[in-house]
Structures are given as structure tokens and as C-alpha cells.
Amino acid sequence: MATSVSERVGRYRTNLREAGLRPVQIWVPDTRRPGFADECRRQSSLLKGDPLERDVLDWIEQAADTDGWV
């Protein structure tokens, strides 16, 4: 007999938990929202000329794991 979707999902989640994983919900900004790009530009312009900006960008470049990026 065929199993329901909820049963398959439940089994899948149980297997993931048994593998040592747990579910996490993450809320992120909605990039489709009107005004999102404008707000990004506004915040970026606040950093223009900041004496620490170069230091932060250098740190991000060193810390980022970009192996395998195209």
C-alpha cells in the first residue's frame, strides 16, 4: 500500500535526526521586496571612505572558503 506524503516526510526527517542533524529555520531579507536594492545602495554608501572598509574586505577575502567557486 502507498504511503502518504506526510509519512514519507516524517521518515525522512527521522533519518536525518538519527544522522545527527536537526532542522533550523532561517529568515533572510526578501530581495524581491520593493526598495531592497535602494536600501543596499544606501547602506553601501555609508561605508564609502570608511578607513576600516579595506581592512574588513581584506578579512572577508581571507576568511571566505571559495574553493570550487566558478
# chains A, B, ... in the order shown; residues from 1 in each chain; ligands from 1
>>> select_by_dssp(residues="chain A", states="alpha helix (DSSP H)", output="JSON, numbers by chain")
{"A": [5, 6, 7, 8, 9, 10, 11, 12, 13, 14, 15, 16, 17, 18, 36, 37, 38, 39, 40, 41, 42, 43, 44, 45, 46, 47, 53, 54, 55, 56, 57, 58, 59, 60, 61, 62, 63]}
>>> write_last_selection(atoms="N, CA and C atoms", output="mmCIF file, in the first residue's frame")
data_model
loop_
_atom_site.group_PDB
_atom_site.id
_atom_site.type_symbol
_atom_site.label_atom_id
_atom_site.label_comp_id
_atom_site.auth_asym_id
_atom_site.auth_seq_id
_atom_site.Cartn_x
_atom_site.Cartn_y
_atom_site.Cartn_z
ATOM 1 N N VAL A 5 2.321 11.315 1.831
ATOM 2 C CA VAL A 5 3.442 12.250 1.788
ATOM 3 C C VAL A 5 3.915 12.558 3.206
ATOM 4 N N SER A 6 2.994 12.773 4.124
ATOM 5 C CA SER A 6 3.393 13.111 5.495
ATOM 6 C C SER A 6 4.173 11.964 6.143
ATOM 7 N N GLU A 7 3.829 10.724 5.815
ATOM 8 C CA GLU A 7 4.570 9.587 6.357
ATOM 9 C C GLU A 7 5.986 9.535 5.792
ATOM 10 N N ARG A 8 6.112 9.778 4.482
ATOM 11 C CA ARG A 8 7.447 9.782 3.858
ATOM 12 C C ARG A 8 8.305 10.909 4.406
ATOM 13 N N VAL A 9 7.719 12.089 4.569
ATOM 14 C CA VAL A 9 8.455 13.230 5.111
ATOM 15 C C VAL A 9 8.870 12.937 6.552
ATOM 16 N N GLY A 10 7.971 12.357 7.315
ATOM 17 C CA GLY A 10 8.286 12.003 8.699
ATOM 18 C C GLY A 10 9.438 11.024 8.783
ATOM 19 N N ARG A 11 9.431 10.034 7.920
ATOM 20 C CA ARG A 11 10.504 9.041 7.894
ATOM 21 C C ARG A 11 11.828 9.705 7.488
ATOM 22 N N TYR A 12 11.766 10.577 6.501
ATOM 23 C CA TYR A 12 12.950 11.298 6.028
ATOM 24 C C TYR A 12 13.546 12.138 7.163
ATOM 25 N N ARG A 13 12.695 12.865 7.873
ATOM 26 C CA ARG A 13 13.163 13.709 8.982
ATOM 27 C C ARG A 13 13.718 12.871 10.129
ATOM 28 N N THR A 14 13.096 11.745 10.386
ATOM 29 C CA THR A 14 13.595 10.850 11.425
ATOM 30 C C THR A 14 14.995 10.355 11.069
ATOM 31 N N ASN A 15 15.189 9.992 9.809
ATOM 32 C CA ASN A 15 16.506 9.529 9.365
ATOM 33 C C ASN A 15 17.556 10.636 9.508
ATOM 34 N N LEU A 16 17.174 11.855 9.187
ATOM 35 C CA LEU A 16 18.112 12.967 9.322
ATOM 36 C C LEU A 16 18.475 13.190 10.791
ATOM 37 N N ARG A 17 17.482 13.133 11.674
ATOM 38 C CA ARG A 17 17.759 13.300 13.105
ATOM 39 C C ARG A 17 18.663 12.187 13.626
ATOM 40 N N GLU A 18 18.421 10.965 13.167
ATOM 41 C CA GLU A 18 19.257 9.836 13.576
ATOM 42 C C GLU A 18 20.688 9.989 13.069
ATOM 43 N N PHE A 36 14.475 47.112 -1.842
ATOM 44 C CA PHE A 36 15.610 46.346 -1.316
ATOM 45 C C PHE A 36 16.925 46.839 -1.903
ATOM 46 N N ALA A 37 16.986 46.978 -3.219
ATOM 47 C CA ALA A 37 18.227 47.433 -3.874
ATOM 48 C C ALA A 37 18.589 48.838 -3.425
ATOM 49 N N ASP A 38 17.590 49.701 -3.276
ATOM 50 C CA ASP A 38 17.852 51.062 -2.811
ATOM 51 C C ASP A 38 18.457 51.054 -1.409
ATOM 52 N N GLU A 39 17.946 50.200 -0.550
ATOM 53 C CA GLU A 39 18.476 50.117 0.814
ATOM 54 C C GLU A 39 19.896 49.567 0.810
ATOM 55 N N CYS A 40 20.189 48.627 -0.071
ATOM 56 C CA CYS A 40 21.558 48.116 -0.192
ATOM 57 C C CYS A 40 22.506 49.234 -0.619
ATOM 58 N N ARG A 41 22.076 50.018 -1.609
ATOM 59 C CA ARG A 41 22.894 51.141 -2.057
ATOM 60 C C ARG A 41 23.098 52.161 -0.936
ATOM 61 N N ARG A 42 22.035 52.441 -0.182
ATOM 62 C CA ARG A 42 22.126 53.410 0.909
ATOM 63 C C ARG A 42 23.143 52.957 1.951
ATOM 64 N N GLN A 43 23.032 51.685 2.347
ATOM 65 C CA GLN A 43 23.958 51.179 3.360
ATOM 66 C C GLN A 43 25.386 51.125 2.840
ATOM 67 N N SER A 44 25.547 50.743 1.589
ATOM 68 C CA SER A 44 26.887 50.692 0.999
ATOM 69 C C SER A 44 27.508 52.079 0.932
ATOM 70 N N SER A 45 26.712 53.075 0.608
ATOM 71 C CA SER A 45 27.250 54.438 0.503
ATOM 72 C C SER A 45 27.709 54.953 1.858
ATOM 73 N N LEU A 46 27.125 54.446 2.944
ATOM 74 C CA LEU A 46 27.560 54.853 4.275
ATOM 75 C C LEU A 46 28.985 54.392 4.575
ATOM 76 N N LEU A 47 29.426 53.325 3.908
ATOM 77 C CA LEU A 47 30.771 52.794 4.127
ATOM 78 C C LEU A 47 31.825 53.457 3.249
ATOM 79 N N GLU A 53 37.017 50.058 6.033
ATOM 80 C CA GLU A 53 36.379 49.258 4.984
ATOM 81 C C GLU A 53 37.371 48.306 4.310
ATOM 82 N N ARG A 54 38.549 48.791 3.947
ATOM 83 C CA ARG A 54 39.542 47.950 3.279
ATOM 84 C C ARG A 54 39.960 46.795 4.177
ATOM 85 N N ASP A 55 40.152 47.071 5.472
ATOM 86 C CA ASP A 55 40.527 46.010 6.414
ATOM 87 C C ASP A 55 39.459 44.924 6.476
ATOM 88 N N VAL A 56 38.206 45.338 6.538
ATOM 89 C CA VAL A 56 37.099 44.377 6.616
ATOM 90 C C VAL A 56 37.016 43.562 5.331
ATOM 91 N N LEU A 57 37.119 44.217 4.178
ATOM 92 C CA LEU A 57 37.058 43.492 2.901
ATOM 93 C C LEU A 57 38.220 42.517 2.758
ATOM 94 N N ASP A 58 39.410 42.926 3.198
ATOM 95 C CA ASP A 58 40.564 42.017 3.161
ATOM 96 C C ASP A 58 40.327 40.802 4.055
ATOM 97 N N TRP A 59 39.770 41.039 5.258
ATOM 98 C CA TRP A 59 39.494 39.926 6.166
ATOM 99 C C TRP A 59 38.476 38.964 5.561
ATOM 100 N N ILE A 60 37.412 39.507 4.971
ATOM 101 C CA ILE A 60 36.386 38.656 4.355
ATOM 102 C C ILE A 60 37.005 37.805 3.256
ATOM 103 N N GLU A 61 37.863 38.413 2.442
ATOM 104 C CA GLU A 61 38.505 37.680 1.349
ATOM 105 C C GLU A 61 39.383 36.550 1.892
ATOM 106 N N GLN A 62 40.101 36.811 2.983
ATOM 107 C CA GLN A 62 40.962 35.787 3.574
ATOM 108 C C GLN A 62 40.153 34.686 4.257
ATOM 109 N N ALA A 63 39.045 35.047 4.881
ATOM 110 C CA ALA A 63 38.254 34.084 5.654
ATOM 111 C C ALA A 63 37.328 33.240 4.783
#
>>> atom_distance(atom1="CA of Lys48 in chain A", atom2="CA of Trp69 in chain A")
27.5 Å
>>> decode(residues="chain A", atoms="C-alpha atoms", output="short mmCIF file (atom, residue, chain, number, x, y, z; two decimals), in the first residue's frame")
data_model
loop_
_atom_site.label_atom_id
_atom_site.label_comp_id
_atom_site.auth_asym_id
_atom_site.auth_seq_id
_atom_site.Cartn_x
_atom_site.Cartn_y
_atom_site.Cartn_z
CA MET A 1 0.00 0.00 0.00
CA ALA A 2 1.26 3.50 -0.86
CA THR A 3 2.44 5.74 1.95
CA SER A 4 1.20 9.28 2.37
CA VAL A 5 3.44 12.25 1.79
CA SER A 6 3.39 13.11 5.50
CA GLU A 7 4.57 9.59 6.36
CA ARG A 8 7.45 9.78 3.86
CA VAL A 9 8.45 13.23 5.11
CA GLY A 10 8.29 12.00 8.70
CA ARG A 11 10.50 9.04 7.89
CA TYR A 12 12.95 11.30 6.03
CA ARG A 13 13.16 13.71 8.98
CA THR A 14 13.59 10.85 11.43
CA ASN A 15 16.51 9.53 9.36
CA LEU A 16 18.11 12.97 9.32
CA ARG A 17 17.76 13.30 13.11
CA GLU A 18 19.26 9.84 13.58
CA ALA A 19 22.18 11.02 11.43
CA GLY A 20 22.78 13.79 13.96
CA LEU A 21 21.08 16.64 12.12
CA ARG A 22 18.37 18.98 13.32
CA PRO A 23 16.04 21.32 11.44
CA VAL A 24 16.74 25.04 11.54
CA GLN A 25 14.57 27.80 10.13
CA ILE A 26 16.40 30.87 8.85
CA TRP A 27 14.73 34.16 7.98
CA VAL A 28 16.55 36.27 5.41
CA PRO A 29 15.78 39.62 3.76
CA ASP A 30 13.39 39.37 0.82
CA THR A 31 15.49 40.52 -2.13
CA ARG A 32 12.32 40.81 -4.25
CA ARG A 33 10.81 43.42 -1.97
CA PRO A 34 10.45 46.91 -3.47
CA GLY A 35 13.19 49.16 -2.18
CA PHE A 36 15.61 46.35 -1.32
CA ALA A 37 18.23 47.43 -3.87
CA ASP A 38 17.85 51.06 -2.81
CA GLU A 39 18.48 50.12 0.81
CA CYS A 40 21.56 48.12 -0.19
CA ARG A 41 22.89 51.14 -2.06
CA ARG A 42 22.13 53.41 0.91
CA GLN A 43 23.96 51.18 3.36
CA SER A 44 26.89 50.69 1.00
CA SER A 45 27.25 54.44 0.50
CA LEU A 46 27.56 54.85 4.28
CA LEU A 47 30.77 52.79 4.13
CA LYS A 48 32.33 54.73 1.26
CA GLY A 49 35.56 56.24 2.52
CA ASP A 50 35.41 54.48 5.88
CA PRO A 51 39.02 53.86 6.94
CA LEU A 52 38.19 50.34 8.16
CA GLU A 53 36.38 49.26 4.98
CA ARG A 54 39.54 47.95 3.28
CA ASP A 55 40.53 46.01 6.41
CA VAL A 56 37.10 44.38 6.62
CA LEU A 57 37.06 43.49 2.90
CA ASP A 58 40.56 42.02 3.16
CA TRP A 59 39.49 39.93 6.17
CA ILE A 60 36.39 38.66 4.36
CA GLU A 61 38.51 37.68 1.35
CA GLN A 62 40.96 35.79 3.57
CA ALA A 63 38.25 34.08 5.65
CA ALA A 64 36.00 33.07 2.76
CA ASP A 65 36.21 29.49 1.56
CA THR A 66 35.98 29.99 -2.19
CA ASP A 67 37.49 26.68 -3.28
CA GLY A 68 35.45 25.28 -6.13
CA TRP A 69 33.71 28.57 -6.97
CA VAL A 70 33.41 29.29 -10.65
#
